[in-house]
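Just work_16.tsv here, TSV, C-alpha atoms and all ligand atoms:
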```
chain	number	residue	atom	x	y	z
A	380	MET	CA	10.26	-28.61	-18.43
A	381	LEU	CA	7.47	-29.34	-15.96
A	382	ASN	CA	8.25	-32.02	-13.40
A	383	SER	CA	5.17	-34.18	-12.86
A	384	LYS	CA	6.00	-34.74	-9.21
A	385	LEU	CA	6.08	-31.05	-8.32
A	386	SER	CA	3.00	-28.88	-8.03
A	387	ASN	CA	2.25	-26.57	-10.93
A	388	GLY	CA	2.15	-23.74	-8.42
A	389	VAL	CA	5.67	-24.22	-7.15
A	390	GLN	CA	6.99	-24.66	-10.67
A	391	ASN	CA	5.48	-21.32	-11.56
A	392	ILE	CA	7.46	-19.36	-8.98
A	393	GLU	CA	11.08	-18.36	-8.43
A	394	ILE	CA	13.24	-17.59	-5.40
A	395	SER	CA	12.82	-13.85	-4.69
A	396	GLY	CA	15.09	-11.58	-6.72
A	397	ILE	CA	15.91	-9.70	-3.49
A	398	ARG	CA	17.43	-12.81	-1.93
A	399	LYS	CA	19.13	-13.81	-5.16
A	400	PHE	CA	20.94	-10.51	-5.22
A	401	SER	CA	21.72	-10.28	-1.52
A	402	ASN	CA	23.26	-13.78	-1.72
A	403	LYS	CA	25.64	-12.55	-4.40
A	404	VAL	CA	27.11	-9.99	-2.02
A	405	ALA	CA	28.90	-12.72	-0.08
A	406	GLU	CA	30.80	-13.63	-3.24
A	407	VAL	CA	32.32	-10.15	-3.59
A	408	GLU	CA	34.92	-9.40	-0.95
A	409	GLY	CA	34.50	-6.06	0.80
A	410	ALA	CA	31.13	-5.30	-0.82
A	411	ILE	CA	28.60	-3.21	1.09
A	412	SER	CA	25.05	-4.52	0.92
A	413	LEU	CA	22.16	-2.12	0.57
A	414	THR	CA	19.87	-4.99	-0.37
A	415	LEU	CA	17.91	-6.31	2.60
A	416	GLY	CA	14.98	-4.63	4.27
A	417	GLN	CA	16.20	-5.13	7.78
A	418	PRO	CA	16.98	-2.40	10.30
A	419	ASP	CA	20.53	-2.39	11.66
A	420	PHE	CA	19.43	-1.42	15.19
A	421	PRO	CA	19.50	-3.95	18.01
A	422	VAL	CA	16.13	-5.19	19.16
A	423	PRO	CA	14.83	-2.89	21.98
A	424	ALA	CA	15.96	-3.89	25.49
A	425	LYS	CA	12.40	-4.46	26.74
A	426	VAL	CA	11.72	-6.92	23.93
A	427	LYS	CA	14.87	-8.86	24.83
A	428	GLU	CA	14.07	-8.83	28.54
A	429	ALA	CA	10.54	-10.07	27.91
A	430	MET	CA	11.82	-12.98	25.85
A	431	ILE	CA	14.46	-13.92	28.43
A	432	ALA	CA	11.84	-13.78	31.17
A	433	ALA	CA	9.46	-15.90	29.07
A	434	ILE	CA	12.15	-18.54	28.64
A	435	ASN	CA	12.98	-18.53	32.36
A	436	GLU	CA	9.30	-18.81	33.21
A	437	ASN	CA	8.98	-21.77	30.82
A	438	LYS	CA	6.44	-20.03	28.62
A	439	THR	CA	7.30	-22.38	25.82
A	440	GLN	CA	3.97	-24.07	25.23
A	441	TYR	CA	1.69	-23.54	22.25
A	442	THR	CA	-0.26	-20.33	22.56
A	443	SER	CA	-3.81	-20.21	21.26
A	444	ASN	CA	-3.89	-20.46	17.46
A	445	ALA	CA	-4.78	-16.81	17.09
A	446	GLY	CA	-1.88	-15.85	19.39
A	447	LEU	CA	-1.59	-14.49	22.94
A	448	VAL	CA	-4.73	-12.65	23.90
A	449	GLU	CA	-2.63	-9.98	25.68
A	450	LEU	CA	-0.72	-9.34	22.46
A	451	ARG	CA	-3.90	-9.14	20.37
A	452	ASN	CA	-5.35	-6.68	22.89
A	453	GLU	CA	-2.20	-4.60	22.70
A	454	ILE	CA	-2.28	-4.60	18.88
A	455	SER	CA	-5.92	-3.52	19.01
A	456	LYS	CA	-4.90	-0.61	21.26
A	457	TYR	CA	-1.88	0.27	19.11
A	458	LEU	CA	-3.95	0.41	15.90
A	459	LYS	CA	-6.29	2.95	17.46
A	460	ARG	CA	-3.39	5.44	17.26
A	461	PHE	CA	-3.92	5.23	13.49
A	462	GLN	CA	-7.72	5.44	13.76
A	463	ILE	CA	-7.95	1.76	12.87
A	464	ASN	CA	-10.37	-0.35	14.88
A	465	TYR	CA	-10.02	-4.09	15.27
A	466	ASP	CA	-11.05	-6.09	18.28
A	467	LYS	CA	-8.75	-8.83	19.69
A	468	ASP	CA	-11.00	-11.45	18.05
A	469	GLU	CA	-10.41	-9.90	14.65
A	470	ILE	CA	-6.63	-10.32	14.91
A	471	CYS	CA	-4.48	-13.38	14.21
A	472	ILE	CA	-0.77	-13.45	15.16
A	473	THR	CA	1.35	-14.97	12.40
A	474	VAL	CA	4.96	-15.92	11.75
A	475	GLY	CA	5.84	-12.57	10.23
A	476	GLY	CA	3.86	-10.61	7.69
A	477	THR	CA	5.04	-13.21	5.19
A	478	GLU	CA	2.94	-15.96	6.74
A	479	GLY	CA	0.12	-13.43	7.05
A	480	ILE	CA	0.17	-12.79	3.30
A	481	PHE	CA	0.13	-16.50	2.57
A	482	ASP	CA	-2.67	-17.24	5.05
A	483	VAL	CA	-4.85	-14.45	3.69
A	484	PHE	CA	-4.30	-15.54	0.10
A	485	ALA	CA	-4.87	-19.21	0.97
A	486	ALA	CA	-8.16	-18.21	2.59
A	487	LEU	CA	-9.32	-16.22	-0.45
A	488	ILE	CA	-7.93	-17.60	-3.66
A	489	ASN	CA	-9.42	-20.35	-5.76
A	490	SER	CA	-7.67	-21.67	-8.82
A	491	GLY	CA	-7.93	-19.07	-11.57
A	492	ASP	CA	-8.98	-16.18	-9.30
A	493	LYS	CA	-7.39	-12.90	-10.26
A	494	VAL	CA	-5.28	-10.95	-7.79
A	495	LEU	CA	-4.50	-7.35	-8.67
A	496	ILE	CA	-0.99	-6.45	-7.54
A	497	PRO	CA	0.90	-3.14	-7.66
A	498	ASN	CA	3.80	-3.03	-10.07
A	499	PRO	CA	6.49	-2.66	-8.76
A	500	ALA	CA	5.78	-4.51	-5.49
A	501	PHE	CA	7.13	-6.80	-2.79
A	502	PRO	CA	7.53	-10.14	-4.62
A	503	ALA	CA	5.55	-12.30	-2.16
A	504	TYR	CA	2.15	-11.21	-3.52
A	505	GLU	CA	2.79	-12.53	-7.00
A	506	SER	CA	4.46	-15.71	-5.79
A	507	CYS	CA	1.76	-16.59	-3.24
A	508	THR	CA	-0.91	-15.96	-5.88
A	509	LYS	CA	0.79	-18.28	-8.36
A	510	LEU	CA	1.55	-20.91	-5.73
A	511	LEU	CA	-2.16	-21.11	-4.93
A	512	GLY	CA	-3.16	-21.37	-8.58
A	513	GLY	CA	-4.43	-17.80	-8.83
A	514	LYS	CA	-3.71	-15.39	-11.65
A	515	ALA	CA	-1.61	-12.32	-10.90
A	516	ILE	CA	-2.60	-9.17	-12.78
A	517	TYR	CA	-1.03	-5.76	-12.22
A	518	TYR	CA	-1.64	-2.04	-11.85
A	519	ASN	CA	1.27	0.24	-12.52
A	520	LEU	CA	2.63	2.77	-10.08
A	521	THR	CA	3.63	5.73	-12.16
A	522	GLY	CA	5.20	9.18	-12.16
A	523	ASN	CA	7.83	10.66	-9.89
A	524	ASP	CA	6.00	9.65	-6.76
A	525	PHE	CA	4.99	6.16	-7.94
A	526	SER	CA	1.32	6.92	-7.47
A	527	ILE	CA	-1.66	5.02	-8.79
A	528	ASP	CA	-3.13	5.94	-12.17
A	529	PHE	CA	-6.71	5.79	-10.89
A	530	GLU	CA	-8.35	5.83	-14.31
A	531	ALA	CA	-6.26	2.90	-15.44
A	532	LEU	CA	-6.94	1.11	-12.14
A	533	GLU	CA	-10.69	1.52	-12.51
A	534	SER	CA	-10.65	0.20	-16.00
A	535	ILE	CA	-8.57	-2.86	-14.98
A	536	ILE	CA	-11.04	-3.60	-12.18
A	537	LYS	CA	-14.06	-3.18	-14.47
A	538	ASN	CA	-12.60	-5.33	-17.24
A	539	GLU	CA	-10.69	-7.99	-15.35
A	540	LYS	CA	-12.89	-8.27	-12.26
A	541	PRO	CA	-10.15	-9.31	-9.84
A	542	LYS	CA	-11.29	-10.91	-6.59
A	543	VAL	CA	-8.47	-9.42	-4.52
A	544	MET	CA	-6.42	-6.26	-4.76
A	545	VAL	CA	-3.19	-5.61	-2.88
A	546	VAL	CA	-2.09	-2.18	-1.69
A	547	THR	CA	1.17	-1.55	0.15
A	548	TYR	CA	1.71	1.75	1.93
A	549	PRO	CA	4.33	2.82	2.86
A	550	SER	CA	5.66	1.01	-0.17
A	551	ASN	CA	8.41	-1.47	-0.62
A	552	PRO	CA	10.22	-0.81	-2.99
A	553	THR	CA	9.32	2.83	-3.78
A	554	GLY	CA	8.89	4.46	-0.36
A	555	ALA	CA	5.59	6.04	-1.48
A	556	ILE	CA	2.83	6.56	1.09
A	557	LEU	CA	-0.94	6.83	0.80
A	558	ASP	CA	-2.07	10.45	0.94
A	559	LYS	CA	-5.52	11.85	1.66
A	560	GLU	CA	-6.49	12.15	-1.99
A	561	GLY	CA	-5.22	8.66	-2.82
A	562	LYS	CA	-7.14	7.21	0.08
A	563	GLU	CA	-10.36	8.92	-1.00
A	564	LYS	CA	-10.02	7.74	-4.59
A	565	LEU	CA	-9.23	4.17	-3.57
A	566	HIS	CA	-12.07	4.21	-1.08
A	567	LYS	CA	-14.55	5.13	-3.82
A	568	ILE	CA	-13.27	2.44	-6.18
A	569	ILE	CA	-13.42	-0.26	-3.51
A	570	LYS	CA	-16.85	0.80	-2.38
A	571	GLU	CA	-18.21	0.63	-5.91
A	572	ASN	CA	-16.66	-2.70	-6.85
A	573	ASP	CA	-16.92	-6.25	-5.64
A	574	ILE	CA	-13.33	-6.63	-4.48
A	575	ILE	CA	-11.38	-7.45	-1.31
A	576	VAL	CA	-8.35	-5.35	-0.45
A	577	VAL	CA	-5.29	-6.75	1.25
A	578	SER	CA	-3.55	-3.75	2.76
A	579	ASP	CA	0.07	-4.50	3.66
A	580	GLU	CA	0.97	-1.94	6.33
A	581	ILE	CA	4.15	-3.45	7.69
A	582	TYR	CA	5.92	-0.08	7.37
A	583	SER	CA	3.14	1.93	9.03
A	584	GLU	CA	5.46	3.11	11.81
A	585	LEU	CA	7.81	4.51	9.17
A	586	CYS	CA	5.65	7.21	7.63
A	587	TYR	CA	7.53	10.54	7.45
A	588	ALA	CA	4.43	12.61	6.68
A	589	ASP	CA	2.43	14.25	9.47
A	590	LYS	CA	-0.61	12.10	8.99
A	591	TYR	CA	-1.03	8.40	8.28
A	592	TYR	CA	-3.71	7.30	5.84
A	593	SER	CA	-4.99	3.75	5.50
A	594	LEU	CA	-8.00	2.16	3.83
A	595	ALA	CA	-8.65	0.34	7.09
A	596	GLN	CA	-9.71	3.71	8.54
A	597	CYS	CA	-12.82	3.68	6.33
A	598	GLU	CA	-15.53	2.06	8.43
A	599	ASP	CA	-17.97	1.71	5.53
A	600	ILE	CA	-15.66	-0.64	3.59
A	601	ARG	CA	-14.40	-2.45	6.66
A	602	SER	CA	-15.81	-5.75	5.47
A	603	LYS	CA	-13.70	-5.47	2.30
A	604	VAL	CA	-10.32	-4.67	3.85
A	605	ILE	CA	-7.79	-7.04	5.41
A	606	ILE	CA	-4.62	-5.71	7.06
A	607	VAL	CA	-1.32	-7.56	7.03
A	608	SER	CA	1.38	-6.18	9.30
A	609	GLY	CA	4.06	-7.22	11.77
A	610	PHE	CA	6.90	-6.40	14.11
A	611	SER	CA	9.96	-7.08	11.95
A	612	LYS	CA	10.47	-3.47	10.93
A	613	ILE	CA	9.03	-1.51	13.85
A	614	PHE	CA	11.16	-3.30	16.49
A	615	SER	CA	14.05	-4.42	14.31
A	616	MET	CA	13.17	-8.05	14.96
A	617	THR	CA	13.13	-9.60	11.50
A	618	GLY	CA	14.49	-12.93	12.72
A	619	LEU	CA	11.97	-13.29	15.53
A	620	ARG	CA	9.15	-13.68	13.03
A	621	VAL	CA	6.04	-12.13	14.49
A	622	GLY	CA	3.36	-10.57	12.32
A	623	TYR	CA	-0.39	-10.23	12.35
A	624	VAL	CA	-3.50	-10.08	10.22
A	625	CYS	CA	-6.64	-8.06	11.02
A	626	ALA	CA	-9.93	-8.81	9.34
A	627	ASP	CA	-13.63	-8.71	9.82
A	628	GLU	CA	-15.78	-11.84	9.99
A	629	PRO	CA	-15.93	-14.17	8.07
A	630	TYR	CA	-12.40	-13.60	6.83
A	631	ILE	CA	-10.63	-13.77	10.19
A	632	ASN	CA	-12.13	-17.20	10.90
A	633	ALA	CA	-11.05	-18.48	7.49
A	634	ILE	CA	-7.56	-17.05	8.03
A	635	LEU	CA	-7.37	-18.74	11.42
A	636	LYS	CA	-7.86	-22.05	9.64
A	637	THR	CA	-5.12	-21.50	7.06
A	638	HIS	CA	-2.89	-20.24	9.87
A	639	GLN	CA	-3.64	-23.27	12.03
A	640	TYR	CA	-2.66	-25.71	9.32
A	641	THR	CA	0.50	-23.88	8.28
A	642	THR	CA	1.97	-23.02	11.68
A	643	THR	CA	-0.41	-23.69	14.61
A	644	CYS	CA	0.82	-20.54	16.34
A	645	ALA	CA	3.71	-18.07	16.19
A	646	ALA	CA	6.60	-18.86	18.57
A	647	SER	CA	5.45	-18.14	22.12
A	648	ILE	CA	8.73	-16.52	23.24
A	649	ALA	CA	8.74	-14.13	20.28
A	650	GLN	CA	5.10	-13.23	20.95
A	651	TYR	CA	6.04	-12.20	24.51
A	652	GLY	CA	8.80	-10.06	23.03
A	653	ALA	CA	6.37	-8.32	20.67
A	654	LEU	CA	3.93	-7.79	23.55
A	655	ASP	CA	6.40	-5.86	25.68
A	656	GLY	CA	7.64	-4.12	22.56
A	657	LEU	CA	4.20	-2.60	22.09
A	658	LYS	CA	3.88	-1.84	25.79
A	659	TYR	CA	7.27	-0.25	26.37
A	660	SER	CA	9.34	0.14	23.19
A	661	LEU	CA	7.38	2.55	21.01
A	662	PRO	CA	9.88	5.30	21.98
A	663	ASP	CA	12.65	3.05	20.55
A	664	ALA	CA	10.63	2.77	17.33
A	665	ALA	CA	10.26	6.55	17.23
A	666	TYR	CA	14.02	6.93	17.67
A	667	MET	CA	14.71	4.50	14.80
A	668	LYS	CA	12.29	6.42	12.60
A	669	GLU	CA	14.13	9.69	13.25
A	670	GLU	CA	17.43	8.00	12.41
A	671	PHE	CA	15.99	6.53	9.20
A	672	LYS	CA	14.74	9.95	8.24
A	673	LYS	CA	18.25	11.41	8.58
A	674	ARG	CA	19.63	8.59	6.47
A	675	ARG	CA	16.91	9.05	3.88
A	676	ASP	CA	17.73	12.76	3.60
A	677	PHE	CA	21.44	11.99	3.29
A	678	VAL	CA	21.04	9.29	0.62
A	679	TYR	CA	18.53	11.37	-1.35
A	680	LYS	CA	20.87	14.38	-1.42
A	681	GLU	CA	23.88	12.26	-2.36
A	682	LEU	CA	22.06	10.43	-5.15
A	683	LYS	CA	20.82	13.74	-6.59
A	684	ASP	CA	24.31	15.13	-6.38
A	685	ILE	CA	25.79	12.09	-8.15
A	686	GLY	CA	23.28	12.66	-10.95
A	687	PHE	CA	20.49	10.16	-10.33
A	688	GLU	CA	16.89	11.05	-11.06
A	689	VAL	CA	15.18	10.19	-7.81
A	690	SER	CA	12.20	11.29	-5.75
A	691	LEU	CA	12.18	11.74	-2.00
A	692	PRO	CA	10.54	8.70	-0.38
A	693	LYS	CA	7.90	9.49	2.24
A	694	GLY	CA	7.95	6.19	4.05
A	695	ALA	CA	9.66	2.82	4.75
A	696	PHE	CA	13.48	2.68	4.39
A	697	TYR	CA	13.88	2.33	0.65
A	698	ILE	CA	14.75	4.74	-2.09
A	699	PHE	CA	14.13	3.87	-5.73
A	700	PRO	CA	16.29	5.93	-8.11
A	701	SER	CA	15.97	5.77	-11.88
A	702	ILE	CA	18.98	4.35	-13.70
A	703	LYS	CA	17.49	4.79	-17.18
A	704	LYS	CA	20.02	7.41	-18.19
A	705	PHE	CA	22.90	4.99	-17.67
A	706	GLY	CA	21.73	2.85	-20.59
A	707	MET	CA	21.76	-0.47	-18.76
A	708	LYS	CA	19.06	-2.85	-17.61
A	709	SER	CA	18.67	-2.82	-13.84
A	710	GLU	CA	20.16	-6.30	-13.42
A	711	GLU	CA	23.23	-5.40	-15.48
A	712	PHE	CA	23.58	-2.09	-13.62
A	713	CYS	CA	23.48	-3.83	-10.24
A	714	GLU	CA	25.83	-6.63	-11.32
A	715	SER	CA	28.44	-4.17	-12.61
A	716	LEU	CA	28.11	-1.91	-9.59
A	717	LEU	CA	28.56	-4.89	-7.30
A	718	VAL	CA	31.59	-6.33	-9.07
A	719	GLU	CA	33.33	-3.06	-10.00
A	720	GLY	CA	32.07	-0.63	-7.36
A	721	LYS	CA	31.51	-3.09	-4.50
A	722	VAL	CA	28.05	-1.85	-3.57
A	723	ALA	CA	25.00	-4.09	-3.80
A	724	MET	CA	21.47	-2.86	-4.53
A	725	VAL	CA	18.44	-4.79	-5.77
A	726	PRO	CA	17.53	-4.46	-9.48
A	727	GLY	CA	14.13	-2.82	-9.88
A	728	SER	CA	13.08	-5.70	-12.13
A	729	ALA	CA	12.99	-7.94	-9.03
A	730	PHE	CA	9.77	-6.11	-8.10
A	731	GLY	CA	7.98	-6.51	-11.43
A	732	ASN	CA	8.50	-5.40	-15.02
A	733	ASN	CA	7.45	-1.86	-14.16
A	734	GLY	CA	10.43	-1.71	-11.78
A	735	GLU	CA	12.80	-2.03	-14.73
A	736	GLY	CA	14.85	1.13	-15.11
A	737	PHE	CA	15.19	1.56	-11.34
A	738	THR	CA	17.16	0.08	-8.45
A	739	ARG	CA	16.16	-0.31	-4.84
A	740	ILE	CA	18.48	0.94	-2.15
A	741	SER	CA	17.72	-0.01	1.42
A	742	TYR	CA	19.06	2.67	3.75
A	743	ALA	CA	18.43	0.55	6.82
A	744	CYS	CA	22.15	0.35	7.50
A	745	SER	CA	24.66	2.51	9.36
A	746	MET	CA	25.48	6.07	8.32
A	747	GLU	CA	29.12	5.01	7.90
A	748	GLU	CA	28.11	2.30	5.44
A	749	LEU	CA	25.86	4.73	3.60
A	750	GLU	CA	28.63	7.35	3.37
A	751	GLU	CA	31.12	4.80	2.10
A	752	SER	CA	28.68	3.31	-0.40
A	753	MET	CA	27.72	6.75	-1.78
A	754	ASN	CA	31.45	7.51	-2.25
A	755	ARG	CA	31.90	4.23	-4.07
A	756	ILE	CA	28.86	4.80	-6.29
A	757	ARG	CA	30.08	8.32	-7.15
A	758	LYS	CA	33.53	7.00	-8.08
A	759	TRP	CA	32.06	4.16	-10.14
A	760	ILE	CA	29.66	6.43	-12.03
A	761	ASN	CA	32.38	9.03	-12.70
A	762	ALA	CA	34.62	6.33	-14.14
A	763	LYS	CA	31.91	5.17	-16.58
B	1	LIG	C1	5.96	-4.95	2.03
B	1	LIG	C2	6.36	-6.09	2.90
B	1	LIG	N1	5.41	-6.88	3.40
B	1	LIG	C3	5.71	-7.92	4.18
B	1	LIG	C4	7.02	-8.22	4.51
B	1	LIG	C5	7.28	-9.41	5.38
B	1	LIG	O1	7.97	-9.15	6.52
B	1	LIG	P1	8.03	-10.18	7.73
B	1	LIG	O2	7.65	-11.50	7.22
B	1	LIG	O3	9.44	-10.12	8.23
B	1	LIG	O4	7.06	-9.68	8.75
B	1	LIG	C6	8.05	-7.41	4.01
B	1	LIG	C7	9.46	-7.72	4.29
B	1	LIG	O5	10.38	-7.15	3.78
B	1	LIG	C8	7.70	-6.31	3.18
B	1	LIG	O6	8.63	-5.51	2.68
```
Give the structure from the file, written as structure tokens.
Amino acid sequence: MLNSKLSNGVQNIEISGIRKFSNKVAEVEGAISLTLGQPDFPVPAKVKEAMIAAINENKTQYTSNAGLVELRNEISKYLKRFQINYDKDEICITVGGTEGIFDVFAALINSGDKVLIPNPAFPAYESCTKLLGGKAIYYNLTGNDFSIDFEALESIIKNEKPKVMVVTYPSNPTGAILDKEGKEKLHKIIKENDIIVVSDEIYSELCYADKYYSLAQCEDIRSKVIIVSGFSKIFSMTGLRVGYVCADEPYINAILKTHQYTTTCAASIAQYGALDGLKYSLPDAAYMKEEFKKRRDFVYKELKDIGFEVSLPKGAFYIFPSIKKFGMKSEEFCESLLVEGKVAMVPGSAFGNNGEGFTRISYACSMEELEESMNRIRKWINAK
């Protein structure tokens, strides 16, 4: 029943299914958790040193609302490696990509505006849309590689006329990346339609293909693309909460306002950490990527061997096997596996109804944990 004291928006949303499931792990003694998207590596030494120095130098005041100018300059330089061009004044530092998503949506969405979201997807897009009174509509990711059905997408855009569209590459939860052909097709659709794209590129450093493709590389639709990204995954600093948004005028100025009234600025100490991370710790990020790739290959091979239908992810640190052949809904599958097999994964349904029939495994944990969990899964499946 609706509570008249609470906003309609908040009553329309739920705590994320990822968190719900990861919280259950604590209740099962000895369970291994493959639920959270957080690297198991320590934060790079240079990031730590920069934060310690910042504390000792009393750099604990507010920074400018948009964030440290040195950090924005460094982000601008970093993005050029991906052929993405944003000036320091087109960047706003946020408290993680999560705040970035909220700020961008708060700057764009009026009550009733439609937001077109991939299905399956990271749950924040749907929840932020609903919280702000917008209407979430979906485009399905289909086939073995969870790609976009472009014909269906075009027809949704023509018929529903969404104001905003979200794309996430590399993808959480599927591990899919944007390839050249996908980029070209999306580019054409965006160019031809009156729509703003929010491109969540928080896993950009974790692309296992030779080349990285992003819609933000297309200069002619620059005014229609907003990037959300951050440092949680690249520098294994999820708890330090530093992210950023890049956008053209007038969007960046609008986002600065929503950012100002939600958080004022990201924590100064953590911003100094991110700054030296970009300056000195990209080799650490490259090392983590190589390690994730080994883990991906291991988990993929093991899952295939156990009998799962699964495709090789090309980015991020998630793998999204089908569980359809086991005749259980994803929530039931994950519950039973947790209680009986002592391994926790996230039900695919936590990412949207099109995620039903799949589970998400995060392989951002140690090789030992992955080996042990694959053994447990094999034993549990064989006993079924
Ligand atoms: C696709 C995606 N976007 C954004 C975020 C937010 O990350 P953070 O707020 O830690 O920067 C996450 C976190 O898991 C994610 O998977």
Exercise for the section: Can you tell me which residues come within 7 Å of ligand LIG 1 (chain B) when counting all atoms listed in the file, ideally as number ranges by chain? Expected result: A: 416, 474-478, 501, 547, 550-551, 579, 581, 608-611, 617, 620-622
Problem - Between atom CA of Ile605 of chain A and atom CA of Tyr548 of chain A, distance in Å (one decimal) - result: 13.4 Å
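Checking A:Lys590, A:Arg601, A:His566, A:Lys658 one by one against Val426 of chain A, counting only C-alpha atoms, you find the shortest gap at A:Lys658.
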Practice task
Name the residues in contact with Gly731 of chain A at a cut-off of 7 Å, using all atoms listed in the file, excluding same-chain residues fewer than 2 positions from it; report them as a VMD selection string.
Solution key: chain A and resid 498 to 500 728 to 729 733 to 734
Those same residues - C-alpha atoms - I'd like them written as a CSV table (one decimal), in the frame of the given file.
```
chain,number,residue,atom,x,y,z
A,498,ASN,CA,3.8,-3.0,-10.1
A,499,PRO,CA,6.5,-2.7,-8.8
A,500,ALA,CA,5.8,-4.5,-5.5
A,728,SER,CA,13.1,-5.7,-12.1
A,729,ALA,CA,13.0,-7.9,-9.0
A,733,ASN,CA,7.4,-1.9,-14.2
A,734,GLY,CA,10.4,-1.7,-11.8
```
Wanna dump the segment 697-719 of chain A-segment 521-526 of chain A contacts at 10 Å for me, each residue with its shortest atom pair and the distance in Å to one decimal, counting only C-alpha atoms, ordered by chain and number, as a tab-separated table?
```
residue	atom	partner	partner_atom	distance
A:Phe699	CA	A:Phe525	CA	9.7
A:Pro700	CA	A:Asn523	CA	9.9
A:Ser701	CA	A:Asn523	CA	9.7
```
Exercise for the section: Compare A:Gln596, A:Ser383, A:Ser412, A:Thr637 by their minimum atom-to-atom distance to Ile463 of chain A, counting only C-alpha atoms, and give me the closest one. Expected result: A:Gln596
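Residues of protein, DNA or RNA having at least one counted atom within 10 Å of (-7.4, -18.5, 6.7), given all atoms listed in the file, are A:Cys471, A:Gly479, A:Phe481, A:Asp482, A:Val483, A:Phe484, A:Ala485, A:Ala486, A:Leu487, A:Val624, A:Pro629, A:Tyr630, A:Ile631, A:Asn632, A:Ala633, A:Ile634, A:Leu635, A:Lys636, A:Thr637, A:His638, A:Gln639, A:Tyr640, A:Thr641.
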Could the residues of segment 716-743 of chain A that have an atom at most 12 Å from segment 661-683 of chain A be listed as CSV, each with its closest atom pair and the distance in Å to one decimal, counting all atoms listed in the file and ordered by chain and ascending residue number?
```
residue,atom,partner,partner_atom,distance
A:Thr738,CA,A:Leu682,CA,11.9
A:Ile740,CA,A:Val678,CA,9.2
A:Ser741,CA,A:Arg675,CA,9.4
A:Tyr742,CA,A:Arg674,CA,6.5
A:Ala743,CA,A:Phe671,CA,6.9
```
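Proximity ranking of A:Leu450, A:Thr439, A:Asn572, A:Phe400 relative to Glu711 of chain A places A:Phe400 first, based on all atoms listed in the file.
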Completion exercise
Of A:Ser401, A:Asn387, A:Gln417, A:Ser602, the one nearest to Ser490 of chain A when counting all atoms listed in the file is A:Asn387
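Across A:Val722, A:Ile698, A:Asp655, A:Leu495, the tightest approach to Val577 of chain A is made by A:Leu495 when counting all atoms listed in the file.
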With a distance cut-off of 7 Å and all atoms listed in the file, select the neighbouring residues of Val576 of chain A, excluding the residue or stretch itself and same-chain residues fewer than 6 positions from it, and output the selection as an mmCIF file with C-alpha atoms, keeping the file's coordinate frame.
```
data_model
loop_
_atom_site.group_PDB
_atom_site.id
_atom_site.type_symbol
_atom_site.label_atom_id
_atom_site.label_comp_id
_atom_site.auth_asym_id
_atom_site.auth_seq_id
_atom_site.Cartn_x
_atom_site.Cartn_y
_atom_site.Cartn_z
ATOM 1 C CA VAL A 543 -8.470 -9.420 -4.520
ATOM 2 C CA MET A 544 -6.420 -6.260 -4.760
ATOM 3 C CA VAL A 545 -3.190 -5.610 -2.880
ATOM 4 C CA LYS A 603 -13.700 -5.470 2.300
ATOM 5 C CA VAL A 604 -10.320 -4.670 3.850
ATOM 6 C CA ILE A 605 -7.790 -7.040 5.410
#
```
Fill in the blank from the handout: Counting all atoms listed in the file, the residue among A:Leu458, A:Ile600, A:Ala588, A:Cys507 that lies closest to Glu393 of chain A is A:Cys507
Handout entry: Shell around Ala531 of chain A at 9 Å using only C-alpha atoms, local window under 4 positions removed, as a list in words
Key = Tyr518, Asn519, Ile527, Ile535 and Ile536 of chain A
Practice task
Take the point (-6.8, -19.9, -8.4) as written in the file and pick out every residue within 9 Å of it, counting all atoms listed in the file; give the list as a list in words.
Solution key: Ile488, Asn489, Ser490, Gly491, Asp492, Lys493, Thr508, Lys509, Leu510, Leu511, Gly512, Gly513 and Lys514 of chain A
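Reported to one decimal place, the separation of atom CA of Gly727 of chain A from atom CA of Glu710 of chain A is 7.8 Å.
Counting from atom CA of Ala445 of chain A, the distance to atom CA of Ile606 of chain A is 15.0 Å.
For Asp466 of chain A, the non-local neighbours within 9 Å, defined as residues at least 3 positions apart in the same chain or in other chains and counting only C-alpha atoms, are A:Arg451, A:Asn452, A:Ile454, A:Ser455, A:Lys456, A:Glu469, A:Ile470, A:Cys625.
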